[in-house]
Amino acid sequence: MVEPREDRAYTIFAQSIDRSGYARGTLAPRPGMQAEVPPLDSRQLLTMADMGMGHGHSMGPNVDSVAPDPRIDLGDPGVGLRDNGRRVLTYSDLRSLDGAIDSRSPGRDIVLHLTGHMARFIWSFDGRKFSEAEPLRFNYGERLRLVLINDSMMNHPIHLHGMWGEVESPEGEVLFRKHTINVQPAQRLSYRVTADAIGRWAYHCHLLYHMEAGMFREVHVDGAKS
């Protein structure tokens with residue numbers, strides 16, 4: 001919740017990750033006010049240290065890199081946003097005001113690797129494109145933990161339709177809920193889900209060109225409530 005206390009306008013500024021353009025909005029106490037638009041930041045390139053990568057094909061020809069030691073830090077703002085002189089909001093800053101939706105501990109873990117091949121432009125879960133993969137199956141009413149490990153060199157905002165995701169701290173504490181959860185390169189992130197919606201649901205990267213290239217699964221929620 002943002003509540004400005006001064007009689008002035010503020011610019012809401014969002015720049016693309018490659019710094020090729022931006023979008024801006026204005027937050028102001030009355031119509032007609034505008035604020036200065038900041039210049040674009042310089043373009044940042046990922047280094048091998050940023051990516052934590054090892055090259056190989058452990059999951060087959062659809063994968064060109066793996067993260068042998070993925071980091072779990074939710075306080076890292078990511079490439080291009082570190083040490084830029086501004087305060088950057090990160091996942092470690094977020095909290096749900098009313099706590100967890102479901103107080104139960106997860107009954108099982110599902111681990112998924114976010115994988116890709118930059119040269120072939122193939123994106124996938126666990127090295128298998130949507131056309132090659134079976135659905136993920138949840139039992140109605142169960143509490144699960146989804147663990148995402150990003151083996152690729154790209155950010156992946158992962159979206160599960162129909163159910164909330166509740167992001168955990170590295171110590172397993174439920175922090176906040178989201179429908180779309182971004183996983184940075186070489187990052188490991190976990191969140192809890194309660195399978196409270198029977199049906200077939202889409203589960204995919206929210207970058208359209210990643211989803212269409214194969215980073216998509218179906219989630220089936222079946223059966224009597226557990």
# chains A, B, ... in the order shown; residues from 1 in each chain; ligands from 1
>>> residues_around(residues="Gly99 in chain A", least_positions_apart="4", cutoff="12 Å", atoms="only C-alpha atoms", output="list in words")
Leu94, Arg95, Ser103, Glu166, Val167, Glu168, Glu173, Val174, Leu175, Phe176 and Arg177 of chain A
>>> residues_around(residues="Asp93 in chain A", least_positions_apart="4", cutoff="9 Å", atoms="only C-alpha atoms", output="PyMOL selection string")
chain A and resi 74-75+89
>>> write_last_selection(atoms="N, CA, C and O atoms", output="short mmCIF file (atom, residue, chain, number, x, y, z; two decimals), in the first residue's frame")
data_model
loop_
_atom_site.label_atom_id
_atom_site.label_comp_id
_atom_site.auth_asym_id
_atom_site.auth_seq_id
_atom_site.Cartn_x
_atom_site.Cartn_y
_atom_site.Cartn_z
N LEU A 74 16.59 -14.78 -1.38
CA LEU A 74 15.43 -14.03 -1.87
C LEU A 74 15.67 -12.53 -1.82
O LEU A 74 14.83 -11.76 -2.29
N GLY A 75 16.78 -12.10 -1.24
CA GLY A 75 17.06 -10.67 -1.11
C GLY A 75 17.89 -10.10 -2.25
O GLY A 75 18.17 -8.90 -2.25
N LEU A 89 12.96 -3.24 -4.23
CA LEU A 89 12.07 -4.18 -3.55
C LEU A 89 12.38 -5.60 -4.01
O LEU A 89 12.47 -5.87 -5.20
#
>>> residues_around(residues="range 200-217 of chain A", least_positions_apart="6", cutoff="7 Å", atoms="only C-alpha atoms", output="PyMOL selection string")
chain A and resi 122-125+129-130+135+156-162
>>> write_last_selection(atoms="N, CA, C and O atoms", output="CSV table (one decimal), in the first residue's frame")
chain,number,residue,atom,x,y,z
A,122,ILE,N,14.9,-23.5,-27.2
A,122,ILE,CA,13.9,-24.5,-26.7
A,122,ILE,C,13.8,-24.2,-25.2
A,122,ILE,O,14.8,-24.0,-24.5
A,123,TRP,N,12.6,-24.2,-24.6
A,123,TRP,CA,12.4,-24.0,-23.2
A,123,TRP,C,11.5,-25.1,-22.7
A,123,TRP,O,10.7,-25.6,-23.4
A,124,SER,N,11.7,-25.4,-21.4
A,124,SER,CA,11.1,-26.7,-20.9
A,124,SER,C,11.2,-26.7,-19.4
A,124,SER,O,11.8,-26.0,-18.7
A,125,PHE,N,10.4,-27.7,-18.8
A,125,PHE,CA,10.6,-28.2,-17.5
A,125,PHE,C,11.3,-29.5,-17.5
A,125,PHE,O,10.8,-30.4,-18.3
A,129,LYS,N,9.9,-30.6,-23.3
A,129,LYS,CA,8.9,-29.6,-23.8
A,129,LYS,C,7.5,-30.1,-23.5
A,129,LYS,O,7.2,-31.3,-23.2
A,130,PHE,N,6.5,-29.2,-23.6
A,130,PHE,CA,5.1,-29.5,-23.3
A,130,PHE,C,4.6,-30.7,-24.1
A,130,PHE,O,4.0,-31.6,-23.6
A,135,PRO,N,1.2,-34.7,-17.7
A,135,PRO,CA,0.7,-33.7,-16.8
A,135,PRO,C,1.3,-33.9,-15.4
A,135,PRO,O,1.6,-35.0,-15.0
A,156,HIS,N,12.6,-16.5,-15.2
A,156,HIS,CA,11.3,-17.2,-15.6
A,156,HIS,C,10.2,-16.9,-14.6
A,156,HIS,O,10.3,-17.4,-13.5
A,157,PRO,N,9.3,-16.0,-14.9
A,157,PRO,CA,8.1,-15.8,-14.1
A,157,PRO,C,7.1,-17.0,-14.3
A,157,PRO,O,6.4,-17.0,-15.3
A,158,ILE,N,7.0,-17.8,-13.3
A,158,ILE,CA,6.2,-19.1,-13.4
A,158,ILE,C,4.8,-18.9,-12.8
A,158,ILE,O,4.7,-18.4,-11.7
A,159,HIS,N,3.8,-19.2,-13.6
A,159,HIS,CA,2.4,-19.0,-13.3
A,159,HIS,C,1.6,-20.3,-13.2
A,159,HIS,O,1.6,-21.0,-14.2
A,160,LEU,N,1.0,-20.5,-12.1
A,160,LEU,CA,0.1,-21.7,-11.9
A,160,LEU,C,-1.3,-21.1,-11.9
A,160,LEU,O,-1.7,-20.3,-11.0
A,161,HIS,N,-2.2,-21.6,-12.9
A,161,HIS,CA,-3.6,-21.1,-12.9
A,161,HIS,C,-4.4,-21.8,-11.8
A,161,HIS,O,-4.1,-23.0,-11.4
A,162,GLY,N,-5.4,-21.1,-11.3
A,162,GLY,CA,-6.3,-21.7,-10.4
A,162,GLY,C,-6.0,-21.8,-8.9
A,162,GLY,O,-6.9,-22.0,-8.1
>>> residues_around(residues="Ile110 in chain A", least_positions_apart="5", cutoff="7 Å", atoms="only C-alpha atoms", output="ChimeraX atom specification")
/A:145-147
>>> write_last_selection(atoms="C-alpha atoms", output="PDB file, in the first residue's frame")
ATOM      1  CA  ARG A 145       5.610 -27.871  -1.952  1.00  0.00           C
ATOM      2  CA  LEU A 146       6.763 -26.929  -5.452  1.00  0.00           C
ATOM      3  CA  VAL A 147      10.530 -26.478  -5.748  1.00  0.00           C
TER       4      VAL A 147
END
>>> residues_around(residues="Ala195 in chain A", least_positions_apart="6", cutoff="8 Å", atoms="only C-alpha atoms", output="list in words")
Phe138, Asn139, Tyr140, Gly141, Glu142, Arg143, Leu144, Met163 and Val221 of chain A
>>> atom_distance(atom1="CA of Leu46 in chain A", atom2="CA of Tyr191 in chain A")
26.1 Å
>>> closest_residue(among="A:Gln187, A:Thr180, A:Gln15, A:Thr26", to="Ala67 in chain A", atoms="only C-alpha atoms")
A:Gln187
>>> closest_residue(among="A:Gln34, A:Gln184, A:Ser152, A:Ser20", to="Arg8 in chain A", atoms="only C-alpha atoms")
A:Gln34
>>> select_by_dssp(residues="range 68-206 of chain A", states="strand (DSSP E or B)", output="PyMOL selection string")
chain A and resi 71+108-117+122-125+128+136-139+143-150+156-160+165-168+174-178+180-183+187-194+199-205
>>> select_by_dssp(residues="range 4-226 of chain A", states="alpha helix (DSSP H)", output="PyMOL selection string")
chain A and resi 48-51+208-211
>>> write_last_selection(atoms="N, CA, C and O atoms", output="compact mmCIF listing (two decimals), in the first residue's frame")
# COMPACT_ATOMS: atom_id res chain seq x y z
N MET A 48 29.49 -15.58 -15.77
CA MET A 48 29.37 -16.94 -15.28
C MET A 48 29.13 -16.97 -13.78
O MET A 48 28.45 -17.84 -13.26
N ALA A 49 29.69 -15.99 -13.06
CA ALA A 49 29.46 -15.92 -11.61
C ALA A 49 28.01 -15.61 -11.32
O ALA A 49 27.41 -16.16 -10.39
N ASP A 50 27.38 -14.71 -12.12
CA ASP A 50 25.96 -14.41 -11.94
C ASP A 50 25.11 -15.66 -12.16
O ASP A 50 24.11 -15.88 -11.47
N MET A 51 25.46 -16.45 -13.15
CA MET A 51 24.61 -17.54 -13.57
C MET A 51 24.85 -18.82 -12.78
O MET A 51 23.98 -19.68 -12.73
N LEU A 208 5.83 -14.98 -22.97
CA LEU A 208 5.10 -15.67 -24.04
C LEU A 208 6.03 -16.49 -24.92
O LEU A 208 5.73 -17.62 -25.29
N TYR A 209 7.22 -15.92 -25.25
CA TYR A 209 8.11 -16.62 -26.16
C TYR A 209 8.79 -17.81 -25.49
O TYR A 209 9.35 -18.67 -26.17
N HIS A 210 8.78 -17.90 -24.16
CA HIS A 210 9.25 -19.11 -23.48
C HIS A 210 8.13 -20.15 -23.39
O HIS A 210 8.36 -21.34 -23.60
N MET A 211 6.93 -19.69 -23.09
CA MET A 211 5.79 -20.60 -22.99
C MET A 211 5.53 -21.29 -24.33
O MET A 211 5.38 -22.51 -24.41
>>> residues_around(residues="Arg137 in chain A", least_positions_apart="4", cutoff="8 Å", atoms="only C-alpha atoms", output="PyMOL selection string")
chain A and resi 219-222
>>> closest_residue(among="A:Ile149, A:Ile181, A:Ala9, A:Ile198", to="Pro31 in chain A", atoms="only C-alpha atoms")
A:Ala9
>>> decode(residues="range 123-138 of chain A", atoms="all heavy atoms", output="short mmCIF file (atom, residue, chain, number, x, y, z; two decimals), in the first residue's frame")
data_model
loop_
_atom_site.label_atom_id
_atom_site.label_comp_id
_atom_site.auth_asym_id
_atom_site.auth_seq_id
_atom_site.Cartn_x
_atom_site.Cartn_y
_atom_site.Cartn_z
N TRP A 123 12.61 -24.19 -24.63
CA TRP A 123 12.40 -23.97 -23.20
C TRP A 123 11.53 -25.09 -22.66
O TRP A 123 10.66 -25.60 -23.36
CB TRP A 123 11.78 -22.60 -22.95
CG TRP A 123 12.66 -21.51 -23.49
CD1 TRP A 123 12.51 -20.84 -24.66
CD2 TRP A 123 13.85 -21.00 -22.90
NE1 TRP A 123 13.54 -19.96 -24.84
CE2 TRP A 123 14.37 -20.03 -23.78
CE3 TRP A 123 14.54 -21.28 -21.72
CZ2 TRP A 123 15.54 -19.33 -23.51
CZ3 TRP A 123 15.70 -20.57 -21.44
CH2 TRP A 123 16.18 -19.61 -22.34
N SER A 124 11.75 -25.45 -21.39
CA SER A 124 11.12 -26.67 -20.90
C SER A 124 11.16 -26.75 -19.38
O SER A 124 11.84 -25.97 -18.71
CB SER A 124 11.84 -27.90 -21.49
OG SER A 124 13.23 -27.81 -21.25
N PHE A 125 10.40 -27.69 -18.84
CA PHE A 125 10.56 -28.15 -17.47
C PHE A 125 11.26 -29.51 -17.53
O PHE A 125 10.85 -30.41 -18.27
CB PHE A 125 9.20 -28.34 -16.78
CG PHE A 125 8.47 -27.07 -16.47
CD1 PHE A 125 7.44 -26.63 -17.30
CD2 PHE A 125 8.77 -26.33 -15.34
CE1 PHE A 125 6.74 -25.47 -17.00
CE2 PHE A 125 8.08 -25.16 -15.04
CZ PHE A 125 7.07 -24.73 -15.88
N ASP A 126 12.33 -29.65 -16.73
CA ASP A 126 13.07 -30.91 -16.64
C ASP A 126 13.55 -31.41 -18.01
O ASP A 126 13.64 -32.63 -18.24
CB ASP A 126 12.21 -31.99 -15.97
CG ASP A 126 12.06 -31.77 -14.48
OD1 ASP A 126 12.87 -31.01 -13.90
OD2 ASP A 126 11.15 -32.37 -13.88
N GLY A 127 13.85 -30.49 -18.92
CA GLY A 127 14.38 -30.88 -20.21
C GLY A 127 13.36 -31.43 -21.18
O GLY A 127 13.71 -31.88 -22.27
N ARG A 128 12.06 -31.40 -20.81
CA ARG A 128 11.01 -31.92 -21.68
C ARG A 128 10.03 -30.82 -22.03
O ARG A 128 9.43 -30.20 -21.14
CB ARG A 128 10.29 -33.10 -21.02
CG ARG A 128 11.15 -34.31 -20.81
CD ARG A 128 10.34 -35.54 -20.40
NE ARG A 128 9.72 -35.35 -19.09
CZ ARG A 128 10.34 -35.62 -17.94
NH1 ARG A 128 11.60 -36.05 -17.93
NH2 ARG A 128 9.72 -35.45 -16.79
N LYS A 129 9.86 -30.58 -23.31
CA LYS A 129 8.88 -29.60 -23.77
C LYS A 129 7.47 -30.10 -23.48
O LYS A 129 7.24 -31.28 -23.22
CB LYS A 129 9.05 -29.36 -25.27
CG LYS A 129 10.39 -28.82 -25.70
CD LYS A 129 10.45 -28.63 -27.20
CE LYS A 129 10.37 -29.96 -27.94
NZ LYS A 129 10.46 -29.76 -29.41
N PHE A 130 6.50 -29.19 -23.56
CA PHE A 130 5.10 -29.54 -23.28
C PHE A 130 4.64 -30.73 -24.13
O PHE A 130 3.95 -31.62 -23.64
CB PHE A 130 4.21 -28.32 -23.55
CG PHE A 130 2.74 -28.61 -23.46
CD1 PHE A 130 2.16 -29.05 -22.28
CD2 PHE A 130 1.92 -28.46 -24.58
CE1 PHE A 130 0.80 -29.31 -22.20
CE2 PHE A 130 0.57 -28.72 -24.51
CZ PHE A 130 0.01 -29.15 -23.32
N SER A 131 5.04 -30.74 -25.39
CA SER A 131 4.59 -31.81 -26.30
C SER A 131 5.15 -33.17 -25.91
O SER A 131 4.66 -34.21 -26.37
CB SER A 131 5.00 -31.48 -27.74
OG SER A 131 6.40 -31.32 -27.85
N GLU A 132 6.18 -33.19 -25.06
CA GLU A 132 6.84 -34.45 -24.67
C GLU A 132 6.52 -34.87 -23.24
O GLU A 132 6.97 -35.94 -22.81
CB GLU A 132 8.36 -34.29 -24.80
CG GLU A 132 8.84 -33.87 -26.17
CD GLU A 132 10.30 -33.44 -26.21
OE1 GLU A 132 10.88 -33.20 -25.12
OE2 GLU A 132 10.84 -33.34 -27.32
N ALA A 133 5.77 -34.07 -22.50
CA ALA A 133 5.65 -34.27 -21.05
C ALA A 133 4.25 -34.71 -20.64
O ALA A 133 3.25 -34.35 -21.27
CB ALA A 133 6.00 -32.97 -20.33
N GLU A 134 4.21 -35.49 -19.57
CA GLU A 134 2.95 -35.87 -18.94
C GLU A 134 2.49 -34.76 -18.00
O GLU A 134 3.30 -33.97 -17.51
CB GLU A 134 3.12 -37.17 -18.15
CG GLU A 134 3.39 -38.39 -19.00
CD GLU A 134 2.20 -38.74 -19.87
OE1 GLU A 134 1.05 -38.65 -19.38
OE2 GLU A 134 2.41 -39.09 -21.05
N PRO A 135 1.19 -34.67 -17.72
CA PRO A 135 0.71 -33.66 -16.76
C PRO A 135 1.26 -33.91 -15.36
O PRO A 135 1.60 -35.03 -14.99
CB PRO A 135 -0.82 -33.86 -16.78
CG PRO A 135 -1.11 -34.60 -18.05
CD PRO A 135 0.10 -35.45 -18.32
N LEU A 136 1.34 -32.83 -14.59
CA LEU A 136 1.59 -32.95 -13.16
C LEU A 136 0.26 -33.26 -12.48
O LEU A 136 -0.76 -32.64 -12.81
CB LEU A 136 2.16 -31.65 -12.60
CG LEU A 136 3.51 -31.20 -13.17
CD1 LEU A 136 3.84 -29.80 -12.68
CD2 LEU A 136 4.61 -32.16 -12.79
N ARG A 137 0.26 -34.19 -11.53
CA ARG A 137 -0.99 -34.62 -10.91
C ARG A 137 -0.99 -34.27 -9.42
O ARG A 137 -0.11 -34.69 -8.68
CB ARG A 137 -1.20 -36.11 -11.13
CG ARG A 137 -1.31 -36.46 -12.62
CD ARG A 137 -1.80 -37.86 -12.89
NE ARG A 137 -1.88 -38.11 -14.32
CZ ARG A 137 -2.92 -37.79 -15.09
NH1 ARG A 137 -4.00 -37.21 -14.53
NH2 ARG A 137 -2.92 -38.05 -16.38
N PHE A 138 -2.00 -33.47 -9.03
CA PHE A 138 -2.24 -33.12 -7.64
C PHE A 138 -3.50 -33.84 -7.18
O PHE A 138 -4.45 -34.01 -7.96
CB PHE A 138 -2.46 -31.62 -7.45
CG PHE A 138 -1.31 -30.73 -7.85
CD1 PHE A 138 -1.45 -29.35 -7.81
CD2 PHE A 138 -0.09 -31.24 -8.26
CE1 PHE A 138 -0.42 -28.50 -8.17
CE2 PHE A 138 0.96 -30.41 -8.63
CZ PHE A 138 0.78 -29.03 -8.58
#
